[in-house]
Amino acid sequence: MTYTIPKIQKIVINSGVGKMINARKGGETTQGEEDTIKDLVSEFSLITGQKPQILRAKKSIAGFKLRMGTISGVRVTLRGQKMRDFLSRLVNIAFPRTRDFGGLEEKAVDKSGNITVGIREQIIFPEIPHDKARKIWGMEINIITSANNKEDGIKLLKEVGVPFRVAS
């Protein structure tokens, strides 16, 4: 039986724009909303080193005040050196700058060894100057591994420096 060493395959970072912009009739956006989206895209590019993909609503959902075709979020998929650089900055700079950060929960790792982390403020990244940020927005960071199970995923993530809480 052969055993392959698990690796981090990719990191997917996404952010919804729902509360930052208000949907209008016909799906058009105002100048202020377009500026907000431009700011989000430029800050996302600074943080990740890659231009984000703009996501549009595939169908209208009245409960979410979402119309088909309106911008609903942005997403970046990082691989290779950009992925390693981002992970290094996340672990060594961004997490320590997070207020009251005591580590991630091991239960956040799914059965396939992947982890999803929610960040509430983009200003924990040093690329975003506090005085230049017009709006505070959060993001979801998914670290996808090739691990076969949760235990291997946790072991891999600890090895690359992801801080986990110490069980008390």
# chains A, B, ... in the order shown; residues from 1 in each chain; ligands from 1
$ select_by_dssp --residues "stretch 52-149 of chain A" --states "helix (DSSP H, G or I)" --output "list in words"
Ala62, Gly63, Phe64, Gly80, Gln81, Lys82, Met83, Arg84, Asp85, Phe86, Leu87, Ser88, Arg89, Leu90, Val91, Asn92, Ile93, Ala94, Phe95, Pro96, Arg97, Glu106, Lys107, Ala108, Gln122, Ile123 and Ile124 of chain A
$ residues_around --residues "stretch 75-90 of chain A" --least-positions-apart "4" --cutoff "10 Å" --atoms "only C-alpha atoms" --output "ChimeraX atom specification"
/A:8-16,41,44-45,47-55,94-97,124-126,139-143,160-162
$ residues_around --residues "A:Gly138" --least-positions-apart "4" --cutoff "10 Å" --atoms "only C-alpha atoms" --output "list in words"
Asn14, Ser15, Gly16, Val17, Gly118, Ile119, Arg120, Glu121, Gln122 and Ile123 of chain A
$ atom_distance --atom1 "atom CA of A:Gly73" --atom2 "atom CA of A:Thr145"
23.9 Å
$ closest_residue --among "A:Ala62, A:Lys155, A:Glu43, A:Val166" --to "A:Pro129" --atoms "only C-alpha atoms"
A:Glu43
